[in-house]
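Engineer: I'm passing along input_11.txt; it holds compact mmCIF, C-alpha atoms.
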```txt
# COMPACT_ATOMS: atom_id res chain seq x y z
CA MET Y 1 -154.12 34.85 43.23
CA ALA Y 2 -153.42 38.52 42.61
CA LEU Y 3 -150.09 39.96 43.80
CA SER Y 4 -150.33 42.53 46.58
CA THR Y 5 -149.31 46.12 45.73
CA TYR Y 6 -149.29 47.26 49.37
CA ILE Y 7 -146.11 49.16 50.37
CA PRO Y 8 -145.72 50.03 54.08
CA TYR Y 9 -145.74 53.75 54.93
CA HIS Y 10 -142.23 53.74 56.44
CA HIS Y 11 -140.82 52.27 53.19
CA LEU Y 12 -142.40 55.11 51.19
CA LEU Y 13 -140.95 57.67 53.62
CA PHE Y 14 -137.48 56.12 53.31
CA LEU Y 15 -137.62 56.29 49.49
CA PHE Y 16 -138.81 59.92 49.65
CA LEU Y 17 -135.87 60.92 51.87
CA ILE Y 18 -133.40 59.24 49.50
CA PHE Y 19 -134.93 61.19 46.64
CA LEU Y 20 -134.57 64.50 48.54
CA HIS Y 21 -130.87 63.89 49.27
CA ALA Y 22 -129.85 62.37 45.92
CA GLN Y 23 -127.31 64.30 43.87
CA PRO Y 24 -128.85 66.07 40.92
CA CYS Y 25 -128.37 64.09 37.69
CA PRO Y 26 -126.42 65.72 34.89
CA ALA Y 27 -128.00 66.28 31.55
CA ALA Y 28 -129.05 63.22 29.59
CA GLY Y 29 -126.17 61.37 27.91
CA GLY Y 30 -123.71 61.47 30.82
CA SER Y 31 -120.78 63.75 31.51
CA TRP Y 32 -117.15 63.64 30.46
CA SER Y 33 -113.98 64.83 32.13
CA ILE Y 34 -110.33 64.68 31.08
CA LEU Y 35 -108.22 63.01 33.75
CA LEU Y 36 -104.84 63.60 32.10
CA PRO Y 37 -104.12 65.43 28.86
CA SER Y 38 -101.48 62.79 27.99
CA ILE Y 39 -100.32 59.51 29.46
CA GLY Y 40 -97.48 59.34 26.94
CA ILE Y 41 -98.70 56.26 25.05
CA SER Y 42 -101.80 55.11 23.24
CA ALA Y 43 -103.63 52.69 25.56
CA MET Y 44 -104.03 49.82 23.12
CA HIS Y 45 -104.48 47.40 26.02
CA MET Y 46 -105.65 48.09 29.59
CA GLN Y 47 -106.12 45.88 32.65
CA LEU Y 48 -107.47 46.90 36.05
CA LEU Y 49 -105.33 45.45 38.84
CA PRO Y 50 -106.47 44.43 42.33
CA ASN Y 51 -104.79 47.48 43.94
CA ASP Y 52 -106.91 49.91 41.91
CA ARG Y 53 -104.19 50.66 39.40
CA VAL Y 54 -104.46 50.11 35.67
CA VAL Y 55 -101.62 48.78 33.53
CA MET Y 56 -101.63 49.99 29.92
CA TYR Y 57 -99.43 49.13 26.98
CA ASP Y 58 -98.92 49.85 23.33
CA ARG Y 59 -96.86 48.66 20.38
CA THR Y 60 -93.10 48.87 20.73
CA ASP Y 61 -92.53 49.51 17.01
CA PHE Y 62 -94.53 52.74 16.65
CA GLY Y 63 -91.44 54.79 17.33
CA THR Y 64 -90.64 57.04 20.29
CA SER Y 65 -93.53 57.57 22.69
CA ASN Y 66 -94.29 60.74 24.64
CA ILE Y 67 -93.04 59.46 28.00
CA SER Y 68 -89.46 58.57 28.87
CA LEU Y 69 -88.26 55.55 30.76
CA PRO Y 70 -87.02 56.45 34.27
CA GLU Y 71 -83.39 57.15 35.17
CA GLY Y 72 -82.28 57.46 31.57
CA LYS Y 73 -82.97 53.82 30.80
CA CYS Y 74 -83.30 52.59 27.23
CA ARG Y 75 -84.68 49.36 25.84
CA PRO Y 76 -81.87 46.79 25.35
CA ASN Y 77 -80.18 46.88 21.96
CA SER Y 78 -82.20 49.95 21.04
CA ALA Y 79 -81.86 53.71 20.92
CA ASP Y 80 -85.49 53.94 22.08
CA CYS Y 81 -85.48 55.35 25.62
CA SER Y 82 -89.22 55.90 25.76
CA ALA Y 83 -91.82 53.79 27.54
CA HIS Y 84 -94.46 51.74 25.75
CA SER Y 85 -96.29 50.74 28.90
CA VAL Y 86 -97.47 52.73 31.92
CA GLU Y 87 -99.24 52.08 35.18
CA TYR Y 88 -102.07 54.48 36.04
CA ASP Y 89 -102.82 55.11 39.72
CA VAL Y 90 -106.53 55.87 40.07
CA ALA Y 91 -106.15 57.41 43.54
CA SER Y 92 -103.40 59.86 42.63
CA ASN Y 93 -104.43 60.33 38.99
CA SER Y 94 -100.83 59.76 37.89
CA VAL Y 95 -98.90 57.46 35.60
CA ARG Y 96 -95.57 55.68 36.02
CA PRO Y 97 -93.59 54.51 32.96
CA LEU Y 98 -92.83 50.79 32.61
CA MET Y 99 -90.37 48.97 30.39
CA VAL Y 100 -91.88 46.32 28.14
CA LEU Y 101 -89.15 44.67 26.10
CA THR Y 102 -91.01 42.87 23.33
CA ASN Y 103 -93.87 43.83 21.05
CA VAL Y 104 -97.24 43.46 22.81
CA TRP Y 105 -99.22 44.54 19.76
CA CYS Y 106 -102.41 42.45 19.71
CA SER Y 107 -101.17 40.17 22.46
CA SER Y 108 -103.57 38.58 24.94
CA GLY Y 109 -103.68 37.86 28.64
CA THR Y 110 -105.62 37.70 31.88
CA LEU Y 111 -105.16 38.13 35.63
CA MET Y 112 -103.91 35.18 37.64
CA ARG Y 113 -105.15 34.18 41.09
CA ASP Y 114 -102.41 36.16 42.84
CA GLY Y 115 -103.42 39.36 41.05
CA SER Y 116 -100.52 39.36 38.61
CA LEU Y 117 -101.18 39.95 34.94
CA VAL Y 118 -99.86 37.37 32.49
CA GLN Y 119 -99.75 38.70 28.94
CA THR Y 120 -98.80 36.32 26.15
CA GLY Y 121 -97.70 36.55 22.54
CA GLY Y 122 -97.80 39.63 20.34
CA PHE Y 123 -96.03 40.60 17.16
CA ASP Y 124 -92.56 39.91 15.76
CA ASP Y 125 -90.15 39.48 18.71
CA GLY Y 126 -93.16 38.98 20.99
CA TYR Y 127 -94.75 36.01 19.22
CA ARG Y 128 -93.82 33.42 21.89
CA VAL Y 129 -93.09 35.65 24.87
CA VAL Y 130 -94.83 35.38 28.23
CA ARG Y 131 -94.84 38.64 30.20
CA THR Y 132 -95.79 38.96 33.86
CA TYR Y 133 -96.62 42.16 35.73
CA LYS Y 134 -97.19 42.22 39.50
CA SER Y 135 -98.00 45.75 40.65
CA CYS Y 136 -96.00 47.63 43.28
CA ASP Y 137 -94.39 51.08 43.47
CA THR Y 138 -91.16 49.90 41.83
CA CYS Y 139 -92.28 46.79 39.94
CA ASP Y 140 -91.82 46.32 36.20
CA TRP Y 141 -92.58 43.77 33.49
CA GLN Y 142 -90.82 40.41 33.66
CA GLU Y 143 -90.49 38.58 30.35
CA LYS Y 144 -89.90 34.93 29.51
CA PRO Y 145 -88.69 34.31 25.95
CA ASN Y 146 -90.10 31.18 24.31
CA GLY Y 147 -92.56 30.79 27.16
CA LEU Y 148 -95.19 29.66 24.65
CA SER Y 149 -95.08 26.49 22.60
CA LYS Y 150 -96.51 28.26 19.54
CA SER Y 151 -96.52 31.79 18.18
CA ARG Y 152 -99.61 33.68 19.39
CA TRP Y 153 -100.88 36.86 17.74
CA TYR Y 154 -104.57 37.78 18.14
CA ALA Y 155 -105.14 34.88 20.54
CA SER Y 156 -107.55 34.76 23.51
CA ASN Y 157 -106.80 33.78 27.11
CA HIS Y 158 -109.02 32.62 29.95
CA LEU Y 159 -108.30 31.72 33.57
CA LEU Y 160 -109.19 28.12 34.44
CA PRO Y 161 -110.39 26.65 37.75
CA ASP Y 162 -107.00 24.98 38.32
CA GLY Y 163 -105.22 28.35 38.21
CA ARG Y 164 -103.71 28.03 34.74
CA GLN Y 165 -104.56 30.05 31.65
CA ILE Y 166 -105.73 28.48 28.44
CA ILE Y 167 -104.43 30.33 25.38
CA ILE Y 168 -106.51 29.70 22.29
CA GLY Y 169 -105.77 30.33 18.64
CA GLY Y 170 -104.02 33.26 17.05
CA ARG Y 171 -102.82 34.06 13.56
CA LYS Y 172 -102.01 30.75 11.83
CA ALA Y 173 -102.27 28.93 15.19
CA PHE Y 174 -105.08 26.38 14.97
CA ASN Y 175 -104.51 24.99 18.45
CA TYR Y 176 -104.38 25.87 22.12
CA GLU Y 177 -101.98 25.59 25.05
CA PHE Y 178 -101.78 26.22 28.78
CA TYR Y 179 -99.71 28.50 30.98
CA PRO Y 180 -97.99 27.81 33.25
CA LYS Y 181 -97.07 24.40 31.96
CA MET Y 182 -97.84 21.41 34.13
CA SER Y 183 -94.23 20.26 33.93
CA THR Y 184 -90.95 21.67 32.66
CA THR Y 185 -89.94 18.23 31.38
CA GLU Y 186 -91.29 16.95 28.08
CA ASN Y 187 -92.00 13.25 27.83
CA ASN Y 188 -94.38 13.41 24.89
CA LEU Y 189 -91.98 13.78 21.97
CA TYR Y 190 -92.05 11.07 19.31
CA PRO Y 191 -95.57 9.95 20.28
CA PHE Y 192 -96.60 6.44 19.28
CA VAL Y 193 -99.12 6.47 16.41
CA PHE Y 194 -100.97 3.51 14.87
CA LEU Y 195 -103.67 3.39 12.20
CA TYR Y 196 -106.89 1.86 13.50
CA PRO Y 197 -108.69 -0.44 11.01
CA ASP Y 198 -111.51 2.11 10.50
CA GLY Y 199 -109.03 4.79 9.41
CA ASN Y 200 -108.75 6.69 12.70
CA LEU Y 201 -105.50 7.07 14.64
CA PHE Y 202 -104.46 5.67 17.99
CA ILE Y 203 -102.08 8.19 19.55
CA PHE Y 204 -100.10 7.52 22.74
CA ALA Y 205 -97.99 10.21 24.44
CA ASN Y 206 -96.32 10.17 27.86
CA ASN Y 207 -98.76 7.84 29.65
CA ARG Y 208 -102.10 8.61 27.98
CA ALA Y 209 -103.77 7.74 24.69
CA ILE Y 210 -106.65 8.80 22.47
CA LEU Y 211 -108.45 7.58 19.35
CA PHE Y 212 -108.39 10.51 16.94
CA ASP Y 213 -110.48 11.26 13.86
CA TYR Y 214 -108.06 13.47 11.94
CA SER Y 215 -110.58 14.19 9.17
CA LYS Y 216 -112.97 15.87 11.63
CA ASN Y 217 -110.33 17.00 14.15
CA LEU Y 218 -112.25 15.06 16.81
CA VAL Y 219 -111.16 12.93 19.77
CA LEU Y 220 -113.37 9.85 19.59
CA LYS Y 221 -112.15 8.09 22.71
CA THR Y 222 -109.84 8.81 25.63
CA TYR Y 223 -108.16 5.70 27.00
CA PRO Y 224 -107.27 5.15 30.66
CA THR Y 225 -103.91 6.42 31.87
CA MET Y 226 -101.35 3.62 31.92
CA PRO Y 227 -101.07 2.34 35.52
CA GLY Y 228 -98.17 3.89 37.40
CA GLY Y 229 -98.37 7.08 35.36
CA GLN Y 230 -94.74 6.82 34.26
CA PRO Y 231 -93.62 8.53 31.03
CA ARG Y 232 -92.94 6.36 28.01
CA ASN Y 233 -91.97 8.82 25.26
CA TYR Y 234 -88.86 10.84 24.49
CA PRO Y 235 -86.71 11.60 26.42
CA SER Y 236 -88.06 8.82 28.70
CA THR Y 237 -87.99 6.75 25.56
CA GLY Y 238 -89.93 3.51 25.58
CA SER Y 239 -91.23 1.75 22.48
CA ALA Y 240 -94.50 0.39 21.14
CA VAL Y 241 -96.02 -1.93 18.54
CA LEU Y 242 -99.44 -2.68 17.17
CA LEU Y 243 -99.84 -6.40 17.83
CA PRO Y 244 -100.83 -8.66 14.90
CA LEU Y 245 -104.44 -8.09 13.89
CA ARG Y 246 -106.93 -10.94 14.21
CA ILE Y 247 -109.08 -11.09 11.09
CA LYS Y 248 -112.13 -13.34 10.77
CA GLY Y 249 -113.76 -13.19 7.37
CA GLU Y 250 -113.31 -9.54 6.49
CA THR Y 251 -113.62 -8.26 10.05
CA VAL Y 252 -110.88 -7.26 12.45
CA ASN Y 253 -112.11 -8.49 15.81
CA GLU Y 254 -109.36 -7.31 18.12
CA VAL Y 255 -106.86 -4.47 18.00
CA GLU Y 256 -104.14 -4.47 20.67
CA VAL Y 257 -101.19 -2.18 21.39
CA LEU Y 258 -98.10 -3.04 23.47
CA VAL Y 259 -95.98 -0.29 25.09
CA CYS Y 260 -92.75 -1.29 26.86
CA GLY Y 261 -89.96 0.34 28.82
CA GLY Y 262 -89.11 3.98 29.37
CA ALA Y 263 -87.69 6.00 32.24
CA PRO Y 264 -89.35 7.19 35.47
CA LYS Y 265 -90.60 10.69 36.20
CA GLY Y 266 -87.77 13.12 36.79
CA ALA Y 267 -85.19 10.90 35.10
CA PHE Y 268 -84.33 13.47 32.43
CA ALA Y 269 -83.77 16.27 34.96
CA ASN Y 270 -81.68 13.97 37.15
CA ALA Y 271 -79.48 12.84 34.27
CA ASN Y 272 -79.20 16.20 32.56
CA ASN Y 273 -78.74 18.43 35.62
CA LYS Y 274 -77.33 16.19 38.34
CA GLY Y 275 -75.54 13.34 36.59
CA ILE Y 276 -77.84 10.85 38.33
CA PHE Y 277 -78.95 8.02 36.05
CA ASP Y 278 -82.20 6.49 37.26
CA GLY Y 279 -82.99 2.88 36.48
CA ALA Y 280 -85.15 2.28 33.42
CA LEU Y 281 -88.70 0.96 33.61
CA ASP Y 282 -89.16 -2.81 33.42
CA THR Y 283 -92.88 -2.85 32.66
CA CYS Y 284 -95.00 -3.26 29.57
CA GLY Y 285 -98.60 -2.15 29.19
CA ARG Y 286 -100.94 -4.03 26.86
CA ILE Y 287 -104.36 -2.68 25.94
CA LYS Y 288 -107.13 -3.97 23.69
CA ILE Y 289 -108.08 -0.64 22.13
CA SER Y 290 -111.05 -2.17 20.29
CA ASP Y 291 -112.86 -3.07 23.53
CA PRO Y 292 -115.85 -0.93 24.56
CA ASN Y 293 -114.22 -0.52 27.99
CA PRO Y 294 -110.49 -0.99 27.34
CA GLN Y 295 -108.10 -1.45 30.28
CA TRP Y 296 -104.34 -1.71 30.53
CA PHE Y 297 -102.79 -5.04 31.52
CA MET Y 298 -99.31 -4.64 32.97
CA GLU Y 299 -96.49 -7.17 32.61
CA THR Y 300 -92.89 -7.18 33.83
CA MET Y 301 -89.99 -7.62 31.43
CA PRO Y 302 -86.96 -9.70 32.45
CA LEU Y 303 -84.74 -6.69 31.66
CA ALA Y 304 -85.48 -3.02 32.30
CA ARG Y 305 -84.94 -0.92 29.17
CA VAL Y 306 -84.97 2.68 27.94
CA MET Y 307 -84.23 3.69 24.32
CA GLY Y 308 -85.24 0.21 23.17
CA ASP Y 309 -86.65 -0.70 19.77
CA MET Y 310 -89.58 -3.04 19.11
CA LEU Y 311 -90.60 -4.76 15.92
CA LEU Y 312 -92.93 -7.54 14.83
CA LEU Y 313 -91.38 -10.80 13.67
CA PRO Y 314 -92.90 -12.94 10.88
CA ASN Y 315 -94.27 -15.45 13.42
CA GLY Y 316 -96.22 -12.77 15.29
CA HIS Y 317 -93.75 -12.43 18.14
CA VAL Y 318 -92.34 -9.06 19.20
CA LEU Y 319 -88.60 -8.41 19.44
CA ILE Y 320 -87.45 -5.90 22.08
CA ILE Y 321 -83.87 -4.89 21.35
CA ASN Y 322 -81.19 -2.21 21.95
CA GLY Y 323 -81.26 0.40 24.69
CA ALA Y 324 -79.90 0.96 28.19
CA SER Y 325 -80.95 0.07 31.71
CA ALA Y 326 -80.33 3.53 33.19
CA GLY Y 327 -80.66 7.18 32.18
CA VAL Y 328 -82.69 8.65 29.33
CA ALA Y 329 -82.41 9.53 25.66
CA GLY Y 330 -80.05 12.39 24.88
CA TRP Y 331 -76.38 13.17 24.46
CA GLU Y 332 -74.35 11.51 27.26
CA LEU Y 333 -77.52 10.67 29.21
CA GLY Y 334 -77.70 6.85 28.93
CA ARG Y 335 -75.81 4.26 30.99
CA ASN Y 336 -75.55 0.46 31.29
CA PRO Y 337 -76.35 -0.88 27.81
CA VAL Y 338 -78.78 -3.80 27.59
CA LEU Y 339 -77.05 -6.28 25.31
CA SER Y 340 -79.65 -9.06 25.33
CA PRO Y 341 -82.77 -8.79 23.15
CA VAL Y 342 -86.04 -10.18 24.48
CA ALA Y 343 -88.77 -11.95 22.51
CA TYR Y 344 -92.36 -11.32 23.57
CA ARG Y 345 -94.85 -14.04 22.61
CA PRO Y 346 -98.29 -12.41 22.82
CA ASP Y 347 -100.31 -15.66 22.64
CA ASN Y 348 -98.47 -17.42 25.49
CA GLN Y 349 -99.84 -17.66 28.99
CA VAL Y 350 -99.05 -14.77 31.31
CA GLY Y 351 -95.70 -15.42 32.95
CA THR Y 352 -94.26 -17.25 29.94
CA ARG Y 353 -94.43 -14.52 27.31
CA PHE Y 354 -90.88 -13.15 27.60
CA GLU Y 355 -87.77 -15.02 26.47
CA VAL Y 356 -84.27 -13.55 26.68
CA GLN Y 357 -82.19 -13.97 23.49
CA ASN Y 358 -78.43 -14.32 23.11
CA PRO Y 359 -76.59 -11.05 23.84
CA SER Y 360 -74.79 -8.87 21.37
CA THR Y 361 -71.24 -7.71 21.99
CA ILE Y 362 -72.01 -4.20 20.74
CA PRO Y 363 -73.79 -1.62 22.93
CA ARG Y 364 -76.67 0.05 21.08
CA VAL Y 365 -78.04 3.01 22.99
CA TYR Y 366 -79.04 6.53 21.84
CA HIS Y 367 -79.84 6.71 18.10
CA SER Y 368 -79.78 2.97 17.50
CA THR Y 369 -81.96 1.41 14.82
CA THR Y 370 -83.39 -1.91 13.77
CA VAL Y 371 -85.45 -3.20 10.81
CA LEU Y 372 -86.80 -6.58 9.75
CA LEU Y 373 -85.38 -7.89 6.50
CA ARG Y 374 -87.45 -9.98 4.10
CA ASP Y 375 -85.49 -13.14 4.90
CA GLY Y 376 -86.44 -12.91 8.59
CA ARG Y 377 -83.16 -11.48 9.83
CA VAL Y 378 -83.12 -8.38 12.01
CA LEU Y 379 -80.73 -5.66 10.86
CA VAL Y 380 -79.22 -3.63 13.72
CA GLY Y 381 -77.13 -0.46 13.51
CA GLY Y 382 -76.39 2.88 15.06
CA SER Y 383 -75.58 4.21 18.54
CA ASN Y 384 -74.14 7.71 18.74
CA PRO Y 385 -74.47 8.86 22.37
CA HIS Y 386 -72.32 11.99 21.78
CA ASP Y 387 -72.99 15.07 19.66
CA LYS Y 388 -69.63 14.56 17.94
CA TYR Y 389 -67.78 11.43 16.81
CA GLU Y 390 -65.93 10.29 19.93
CA PHE Y 391 -64.20 6.94 20.28
CA SER Y 392 -62.01 7.21 23.37
CA ASN Y 393 -62.22 8.32 27.00
CA VAL Y 394 -66.01 8.12 26.98
CA PRO Y 395 -68.37 5.64 28.71
CA LEU Y 396 -70.00 4.67 25.42
CA ARG Y 397 -68.52 5.43 22.03
CA GLN Y 398 -70.14 5.92 18.66
CA ASN Y 399 -70.61 2.72 16.74
CA TRP Y 400 -70.44 2.30 12.99
CA ALA Y 401 -70.86 -1.50 12.89
CA LEU Y 402 -73.83 -3.13 11.19
CA ALA Y 403 -75.07 -6.47 12.45
CA THR Y 404 -77.91 -8.94 11.98
CA LEU Y 405 -79.76 -11.16 14.40
CA PHE Y 406 -81.66 -14.32 13.60
CA PRO Y 407 -84.19 -14.42 16.44
CA LYS Y 408 -84.58 -17.93 17.84
CA PRO Y 409 -88.26 -18.34 16.89
CA ALA Y 410 -87.79 -17.12 13.30
CA CYS Y 411 -84.69 -18.81 11.97
CA HIS Y 412 -86.10 -19.74 8.56
CA ASN Y 413 -86.33 -18.01 5.20
CA PHE Y 414 -89.34 -16.40 3.58
CA ASP Y 415 -89.85 -15.89 -0.14
```
Will you turn the file into structure tokens for me?
Structural biologist:
Amino acid sequence: MALSTYIPYHHLLFLFLIFLHAQPCPAAGGSWSILLPSIGISAMHMQLLPNDRVVMYDRTDFGTSNISLPEGKCRPNSADCSAHSVEYDVASNSVRPLMVLTNVWCSSGTLMRDGSLVQTGGFDDGYRVVRTYKSCDTCDWQEKPNGLSKSRWYASNHLLPDGRQIIIGGRKAFNYEFYPKMSTTENNLYPFVFLYPDGNLFIFANNRAILFDYSKNLVLKTYPTMPGGQPRNYPSTGSAVLLPLRIKGETVNEVEVLVCGGAPKGAFANANNKGIFDGALDTCGRIKISDPNPQWFMETMPLARVMGDMLLLPNGHVLIINGASAGVAGWELGRNPVLSPVAYRPDNQVGTRFEVQNPSTIPRVYHSTTVLLRDGRVLVGGSNPHDKYEFSNVPLRQNWALATLFPKPACHNFD
């Protein structure tokens, strides 16, 4: 069916009247006008703000600009009293000098939901700085040193649906990060890493885990979050082992990981800032990472433990040793040492897998260590909960003693 080309008469009349009253077009190619002969800086970066103003900024290491900071101000620790950022008011066709403290040369940023500009990275003293500008008649840049996890120069930013920015790449930065951070407390230091039989890596951090192909920089699988969502890595330091592999012929049929202990959310802030020492976690999570649909199975230890160590014994059992029952890892941040080791027997029925061993007389908390010797004994040392050697008038002193344990199930020699 052919399309109709009929246009009603009153529509033609309306278009004709618009044509009669339209402003005459300038010559082909557009027209130019100079708004201001100088804004005092070179506008290396510009961002239109929601209030119809434009923030502009330049390098801070070019030298003195052509616009002074207001009220005789100078940049801290500098004889430079000129501005390297300005705000342009479209309505009044005027600029106001702003003080940017660190070098924004080839930084990156984007507007946040509230209309503020977050500009990240830059050069030299600006590599890891996060700068925020919220426009008003007297507002100025606010800067957060070390606001980024990595140095960012020539990176790219984008606003995400959850309100954060993702900051991608940069010179010698083959990674990405988010701002603002989800949490000010890190519980993903010292992640647990195990080699999967096919050469990939199982990586657990905080309460989540992935299977990672490091050769292709590819996440092959994302595992479920451990039930409860509690942190398990430093400073909420739990421990983990790869359980003994089951090999039939030349095939590994099952690959399991056990993660035990840790400290609850907020425990580091409570201990570090308030002197409140939360009780340690008493749970273990066990997951068969080789399953097509792996799920965590949670078990309860007889003793809660943070800063514990775990190792495999020659008979396939797991020894859980050292640590405290309150607080977190860090100087002066652990309380109530756990003196009794616990043996975990992975092949026993649920409810009979844990067995408490005879206690030590020596507390082993922050910076304690343990290794399995070839004769089946467990060598135990360490514990320095203070940043200096202190042996008196402290809840827990440094310990220089070295001890061994013969676990009950493994009291025999091996050649």
Engineer: Can you list, as an MDAnalysis selection string, every protein, DNA or RNA residue that comes within 12 Å of Asp61 of chain Y when you count all atoms listed in the file, leaving out same-chain residues fewer than 3 positions away?
Structural biologist: chainID Y and resid 58 64:65 75 78 80 82:84 100:105 122:126
Engineer: Identify which of the residues Y:Gly261, Y:Pro197, Y:Gly121, Y:Gly316 lies closest to Ile289 of chain Y, counting all atoms listed in the file when measuring atom-to-atom distances.
Structural biologist: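 Between Y:Gly261, Y:Pro197, Y:Gly121, Y:Gly316, the residue approaching Ile289 of chain Y most closely is Y:Pro197.
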Engineer: Measuring atom to atom with only C-alpha atoms, identify which of Y:Ser38, Y:Asn399, Y:Gln165, Y:Ser107 is nearest to Ser151 of chain Y.
Structural biologist: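 With only C-alpha atoms as the atom set, the closest residue is Y:Ser107.
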Engineer: Mind checking which residues fall within 10 Å of Tyr133 of chain Y, counting all atoms listed in the file, ignoring those fewer than 4 positions away in the same chain, and posting them as number ranges by chain?
Structural biologist: Y: 49, 55, 98, 100, 111, 115-119, 139-143
Engineer: Residues within 10 Å of Pro235 of chain Y, please, as a ChimeraX atom specification. Count all atoms listed in the file; anything in the same chain fewer than 5 positions from it doesn't count.
Structural biologist: /Y:185-190,206,262-263,267-268,306-307,327-330,333
Engineer: Write out as a list in words the residues lying within 6 Å of Ala324 of chain Y, counting all atoms listed in the file and excluding same-chain residues fewer than 3 positions away.
Structural biologist: Arg305, Val306, Arg335, Asn336, Pro337, Val338 and Val365 of chain Y
Engineer: Would you kindly return, as a ChimeraX atom specification, each protein, DNA or RNA residue with an atom no farther than 6 Å from any atom of Ser368 of chain Y, considering all atoms listed in the file and excluding same-chain residues fewer than 6 positions away?
Structural biologist: /Y:381-383
Engineer: Nearest to Asn51 of chain Y among Y:Leu372, Y:Cys136, Y:Ala209, Y:Ala28, with distances taken over only C-alpha atoms: which residue is it?
Structural biologist: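 So, comparing all the options, the nearest one is Y:Cys136.
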Engineer: Rounded to one decimal, what separation in Å do you get between atom CA of Gly275 of chain Y and atom CA of Ala326 of chain Y?
Structural biologist: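 Answer for the atom CA of Gly275 of chain Y to atom CA of Ala326 of chain Y separation: 11.4 Å.
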Engineer: Between atom CA of Val350 of chain Y and atom CA of Ala304 of chain Y, what is the distance in Å, rounded to a tenth?
Structural biologist: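 Going from atom CA of Val350 of chain Y over to atom CA of Ala304 of chain Y covers 18.0 Å.
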Engineer: How many Å separate atom CA of Ala280 of chain Y from atom CA of Ser360 of chain Y?
Structural biologist: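 Value for the atom CA of Ala280 of chain Y-atom CA of Ser360 of chain Y distance: 19.4 Å.
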Engineer: Between Y:Met46, Y:Ala91, Y:Ala205, Y:Met112, which has the minimum distance to Leu160 of chain Y (counting all atoms listed in the file)?
Structural biologist: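 Closest to Leu160 of chain Y, using all atoms listed in the file: Y:Met112.
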Engineer: Which of these residues is nearest to Asp52 of chain Y, using all atoms listed in the file: Y:Val90, Y:Leu69, Y:Cys81, Y:Cys260?
Structural biologist: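 Using all atoms listed in the file, Asp52 of chain Y sits closest to Y:Val90.
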Engineer: Smallest atom-to-atom distance to Ala173 of chain Y: which of Y:His158, Y:Lys216, Y:Arg96, Y:Arg152, using only C-alpha atoms?
Structural biologist: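 That would be Y:Arg152, the residue with the smallest distance to Ala173 of chain Y.
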